[in-house]
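Working notes for the structure below.
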Protein chains: 2
Amino acid sequence: MASTNGNLVTGILANLPMFRHTPAATLASLARKSRTLHMPRGSTIARRGEELPGLMAVAYGLVKLSLRGEASEKVLRLVGAGDTFGEAVLFLEKPLPVDISTLADTLIVVVPADPLLVMIDSEPGFARAMLAAMSQRLHALVTDFEAATVHRANERLAAYLVSLVDPDGPSTAMLPASKTVIAARLGITKETLSRLLRRFAQEGMIAVGRRQITLLDRERLNAAARGTG
Amino acid sequence: MASTNGNLVTGILANLPMFRHTPAATLASLARKSRTLHMPRGSTIARRGEELPGLMAVAYGLVKLSLRGEASEKVLRLVGAGDTFGEAVLFLEKPLPVDISTLADTLIVVVPADPLLVMIDSEPGFARAMLAAMSQRLHALVTDFEAATVHRANERLAAYLVSLVDPDGPSTAMLPASKTVIAARLGITKETLSRLLRRFAQEGMIAVGRRQITLLDRERLNAAARGTG
DNA sequence: GCCTGGAATTGATCTATAGCAAGGCAACGC
DNA sequence: GCGTTGCCTTGCTATAGATCAATTCCAGGC
């Protein structure tokens, strides 16, 4: 469905870091070539092996990129409002290496590949913004890779909990998804997550209430994240 | 040390995929601004937290990018002749997330960041080549991530062994590094690697001689890599 | 040829985390 | 209210792979 509400789409694009320095006119033109994709919670957007119709920007909702081994799954990334995915497959002939689905009612802006490729050559600074975005993604992946391979489950969880809350704000945060999904994100089973949360709570480091987590002792959590606890 | 042998450097750069479509004159100019870095086996090129002086292209030798947890280490990537590293940190303010050292006597061409950034804006097609290179890297990392998190040690090893040999060439290949390093690359200990190799050999899937590996049954190896064995 | 040091093998344990099974709890429709 | 349906929790057991501890195997230097 071609968007009848160009302003909305333009606004969403304008707030993405990679378009921070793109002139308004160019952005409006890009928005006109884009379309929106509305998906209810639990929909499959694409499966491993398929292709993506363009760069995907999440306007609202929550998208899950995951790897599936028989039975269990590993969540590679959760993409929320104001974030994008699909950059890498734009510039490559390769098919998607992940499954993509929604964890909430979600609106996505689909920016087709062609105008983006044109912009890379014509719009000064855009290529660099895109490279910076991809570098960031690469960096984040390396960090996750490190967590998954050299740190243990309790360290990963501690680091994750700390990352959930604003460093100098209140110590309370909501989990962005169900504990089952969070567990898959952390590369552990829901059972292990449950046990670790209880242990942390018993040790007085956190308090848990449904999806709400309160950090009671950030010092010790940070130590635990480093394996120094 | 500024290179006194511009031809050599130009040739090395010309053979990198990302410069495939760069005009010879531009390449020569870039080569003039580059320098070479000769490091004996076992040298540390940079440590986590430091910065890199530019894009690093390996002319000959072998470079190891690794993550270190106390005691054990995980090898993220082995970079051989004709390959590059350090792209991501060029476009980001972030420090290196890995330790970098040489596993053999190595010559590196260091291409400083500034002229590359200029080329991104001025040289049509170069930005896209760079984006393609980074996409490839991202894709490879996702593949490794999947291997490390959803596949088991024997599956990872089977997949790795298959990837070592040319699909329609001879069934024999040399390990690119010591078994200790290969083990760290696969995210297992050298002891486990040793046991798995023996098991594969006993089951008639491979033959092992020092660093030489011969695949005797690719079918079963592929099955093992998929966990279907 | 003989030593010497790093790499590889092998065996004997140990442990973190998975897997299974059986509830428990909150939310929602009727 | 009261089942039904999805999470989530909790206890028990199983296991892949790590860790510890000896050897053994080479390759290179003298």
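In the structure tokens, chains take the letters A, B, ... in the order shown, each chain's residues start at 1, and ligands count up from 1 in the order shown.
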With 10 Å as the cut-off and only C-alpha atoms (C1' of nucleotides) counted, what is the closest atom pair between each nearby residue of chain C and chain B? Distances in Å to one decimal, ordered by chain and number, as a tab-separated table.
```
residue	atom	partner	partner_atom	distance
C:DA7	C1'	B:Thr180	CA	8.0
C:DA8	C1'	B:Ser194	CA	7.6
C:DT9	C1'	B:Ser194	CA	7.0
C:DT10	C1'	B:Arg195	CA	8.7
```
Would you mind listing, for every residue of chain A within 10 Å of chain B, the two atoms forming the shortest contact and the distance between them in Å to one decimal, using only C-alpha atoms, sorted by chain and ascending residue number, as a Markdown table?
```
| residue | atom | partner | partner_atom | distance |
| --- | --- | --- | --- | --- |
| A:Ser66 | CA | B:Glu146 | CA | 9.6 |
| A:Leu67 | CA | B:Glu146 | CA | 6.8 |
| A:Arg68 | CA | B:Val150 | CA | 7.6 |
| A:Gly69 | CA | B:Val150 | CA | 5.8 |
| A:Glu70 | CA | B:Val150 | CA | 8.9 |
| A:Ser72 | CA | B:Val150 | CA | 8.0 |
| A:Glu73 | CA | B:Val150 | CA | 7.6 |
| A:Lys74 | CA | B:Val150 | CA | 7.0 |
| A:Leu76 | CA | B:Val142 | CA | 8.5 |
| A:Glu87 | CA | B:Ser135 | CA | 8.0 |
| A:Ala88 | CA | B:Ser135 | CA | 4.7 |
| A:Val89 | CA | B:Ser135 | CA | 7.1 |
| A:Leu90 | CA | B:Ser135 | CA | 8.5 |
| A:Phe91 | CA | B:Ala132 | CA | 5.2 |
| A:Leu92 | CA | B:Ala132 | CA | 6.1 |
| A:Glu93 | CA | B:Ala132 | CA | 9.4 |
| A:Lys94 | CA | B:His139 | CA | 8.6 |
| A:Pro95 | CA | B:His139 | CA | 9.8 |
| A:Leu96 | CA | B:His139 | CA | 9.0 |
| A:Pro97 | CA | B:Val142 | CA | 7.4 |
| A:Val98 | CA | B:Val142 | CA | 8.7 |
| A:Leu117 | CA | B:Arg128 | CA | 7.9 |
| A:Ile120 | CA | B:Ala127 | CA | 7.1 |
| A:Asp121 | CA | B:Pro124 | CA | 6.2 |
| A:Ser122 | CA | B:Asp121 | CA | 8.9 |
| A:Glu123 | CA | B:Asp121 | CA | 8.8 |
| A:Pro124 | CA | B:Asp121 | CA | 6.2 |
| A:Gly125 | CA | B:Asp121 | CA | 7.1 |
| A:Phe126 | CA | B:Asp121 | CA | 9.0 |
| A:Ala127 | CA | B:Ala127 | CA | 6.1 |
| A:Arg128 | CA | B:Ile120 | CA | 7.3 |
| A:Ala129 | CA | B:Phe91 | CA | 8.7 |
| A:Met130 | CA | B:Leu131 | CA | 8.0 |
| A:Leu131 | CA | B:Leu131 | CA | 6.4 |
| A:Ala132 | CA | B:Phe91 | CA | 5.2 |
| A:Ala133 | CA | B:Phe91 | CA | 8.8 |
| A:Met134 | CA | B:Met134 | CA | 7.2 |
| A:Ser135 | CA | B:Ala88 | CA | 4.7 |
| A:Gln136 | CA | B:Leu92 | CA | 7.2 |
| A:Arg137 | CA | B:Leu138 | CA | 8.1 |
| A:Leu138 | CA | B:Leu138 | CA | 6.0 |
| A:His139 | CA | B:Ala88 | CA | 7.5 |
| A:Ala140 | CA | B:Pro97 | CA | 9.8 |
| A:Leu141 | CA | B:Leu141 | CA | 7.6 |
| A:Val142 | CA | B:Pro97 | CA | 7.4 |
| A:Thr143 | CA | B:Pro97 | CA | 7.5 |
| A:Asp144 | CA | B:Phe145 | CA | 8.8 |
| A:Phe145 | CA | B:Phe145 | CA | 6.3 |
| A:Glu146 | CA | B:Leu67 | CA | 6.8 |
| A:Ala148 | CA | B:Thr149 | CA | 7.0 |
| A:Thr149 | CA | B:Ala148 | CA | 7.0 |
| A:Val150 | CA | B:Gly69 | CA | 5.8 |
| A:His151 | CA | B:Gly69 | CA | 7.5 |
| A:Gly187 | CA | B:Thr149 | CA | 7.1 |
| A:Ile188 | CA | B:Thr149 | CA | 9.7 |
| A:Arg226 | CA | B:Gly69 | CA | 9.7 |
| A:Gly227 | CA | B:Glu70 | CA | 9.4 |
```
inquiry  = Excluding segment 32-46 of chain B and its own-chain neighbours fewer than 5 positions away, which residues fall within 6 Å of it when counting only C-alpha atoms (C1' of nucleotides)? Please give them as a ChimeraX atom specification.
reply    = /B:2-3,100-111
Since we have the selection now, will you write its residues out, keeping C-alpha atoms, as a PDB file, in the first residue's frame?
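Saved the output as again-v1.pdb:
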```pdb
ATOM      1  CA  ALA B   2      57.284   5.421   4.251  1.00  0.00           C
ATOM      2  CA  SER B   3      57.306   2.832   1.529  1.00  0.00           C
ATOM      3  CA  ILE B 100      45.367  -8.162  17.333  1.00  0.00           C
ATOM      4  CA  SER B 101      48.580 -10.105  16.889  1.00  0.00           C
ATOM      5  CA  THR B 102      50.543 -11.996  14.249  1.00  0.00           C
ATOM      6  CA  LEU B 103      50.762 -15.773  13.964  1.00  0.00           C
ATOM      7  CA  ALA B 104      53.470 -15.594  11.292  1.00  0.00           C
ATOM      8  CA  ASP B 105      55.951 -13.173   9.867  1.00  0.00           C
ATOM      9  CA  THR B 106      53.598 -10.594   8.393  1.00  0.00           C
ATOM     10  CA  LEU B 107      53.614  -7.544   6.149  1.00  0.00           C
ATOM     11  CA  ILE B 108      50.740  -5.122   6.465  1.00  0.00           C
ATOM     12  CA  VAL B 109      49.851  -2.140   4.303  1.00  0.00           C
ATOM     13  CA  VAL B 110      48.421   0.628   6.451  1.00  0.00           C
ATOM     14  CA  VAL B 111      46.090   2.905   4.509  1.00  0.00           C
TER      15      VAL B 111
END
```
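Excluding DT19 of chain D itself and same-chain residues fewer than 3 positions from it, the residues having an atom within 12 Å of it are Ala71, Ser72, Thr189, Lys190, Glu191 and Thr192 of chain B; DA12, DT13, DC14 and DT15 of chain C, counting only C-alpha atoms (C1' of nucleotides).
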Store the residues picked out above, limited to C-alpha atoms (C1' of nucleotides), as an mmCIF file, in the first residue's frame.
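Output below, filename part_1.cif:
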```
data_model
loop_
_atom_site.group_PDB
_atom_site.id
_atom_site.type_symbol
_atom_site.label_atom_id
_atom_site.label_comp_id
_atom_site.auth_asym_id
_atom_site.auth_seq_id
_atom_site.Cartn_x
_atom_site.Cartn_y
_atom_site.Cartn_z
ATOM 1 C CA ALA B 71 42.820 -17.636 30.814
ATOM 2 C CA SER B 72 41.032 -18.660 27.635
ATOM 3 C CA THR B 189 39.596 -26.151 23.999
ATOM 4 C CA LYS B 190 42.522 -27.850 22.320
ATOM 5 C CA GLU B 191 41.739 -31.000 24.301
ATOM 6 C CA THR B 192 38.220 -31.177 22.926
ATOM 7 C "C1'" DA C 12 40.115 -38.819 34.954
ATOM 8 C "C1'" DT C 13 37.192 -35.702 36.968
ATOM 9 C "C1'" DC C 14 34.061 -31.585 37.521
ATOM 10 C "C1'" DT C 15 30.406 -28.235 36.535
#
```
message = Residues of chain D within 9 Å of chain A, counting only C-alpha atoms (C1' of nucleotides), what are they? List them as a list in words.
response = DC7, DC8, DT9 and DT10 of chain D
Atom CA of Ser171 of chain A sits from atom C1' of DG6 of chain D at a separation of 28.7 Å
Margin query: According to DSSP computed on the backbone, where in segment 72-163 of chain A is there alpha helix (DSSP H)? Give the residues as a PyMOL selection string.
Written below: chain A and resi 87-90+113-122+126-150+153-163
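Rounded to one decimal, atom CA of Phe85 of chain B and atom CA of Gly11 of chain B lie 17.8 Å from each other.
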Judged by only C-alpha atoms (C1' of nucleotides), the minimum distance to DC2 of chain C among D:DC30, D:DC2, D:DC25, D:DA16 is found for D:DC30
Using only C-alpha atoms (C1' of nucleotides), which of the listed residues (B:Thr172, B:Ala153, B:Pro167, B:Ile213) sits closest to DG17 of chain D?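 Nearest to DG17 of chain D: B:Ala153.
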Would you kindly return, as an mmCIF file with C-alpha atoms, in the first residue's frame, each protein, DNA or RNA residue with an atom no farther than 7 Å from any atom of segment 7-10 of chain B, considering only C-alpha atoms (C1' of nucleotides) and excluding same-chain residues fewer than 5 positions away?
```cif
data_model
loop_
_atom_site.group_PDB
_atom_site.id
_atom_site.type_symbol
_atom_site.label_atom_id
_atom_site.label_comp_id
_atom_site.auth_asym_id
_atom_site.auth_seq_id
_atom_site.Cartn_x
_atom_site.Cartn_y
_atom_site.Cartn_z
ATOM 1 C CA LEU B 27 45.229 3.861 -6.337
ATOM 2 C CA ALA B 28 48.791 5.023 -6.900
ATOM 3 C CA ALA B 31 49.560 3.865 -2.132
ATOM 4 C CA VAL B 109 49.851 -2.140 4.303
#
```
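Straight-line separation from atom CA of Thr22 of chain B to atom CA of Glu51 of chain B: 26.7 Å.
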Could you pull out the strand (DSSP E) residues of segment 10-132 of chain A, going by DSSP on the backbone, and write them as an NGL selection string? :A and (35-39 or 44-46 or 54-60 or 62-68 or 73-80 or 84-85 or 99-102 or 106-112)
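You can rank C:DC3, C:DC30, C:DC20, C:DC25 by their closest distance to DG11 of chain D using only C-alpha atoms (C1' of nucleotides), and at the top of that list sits C:DC20.
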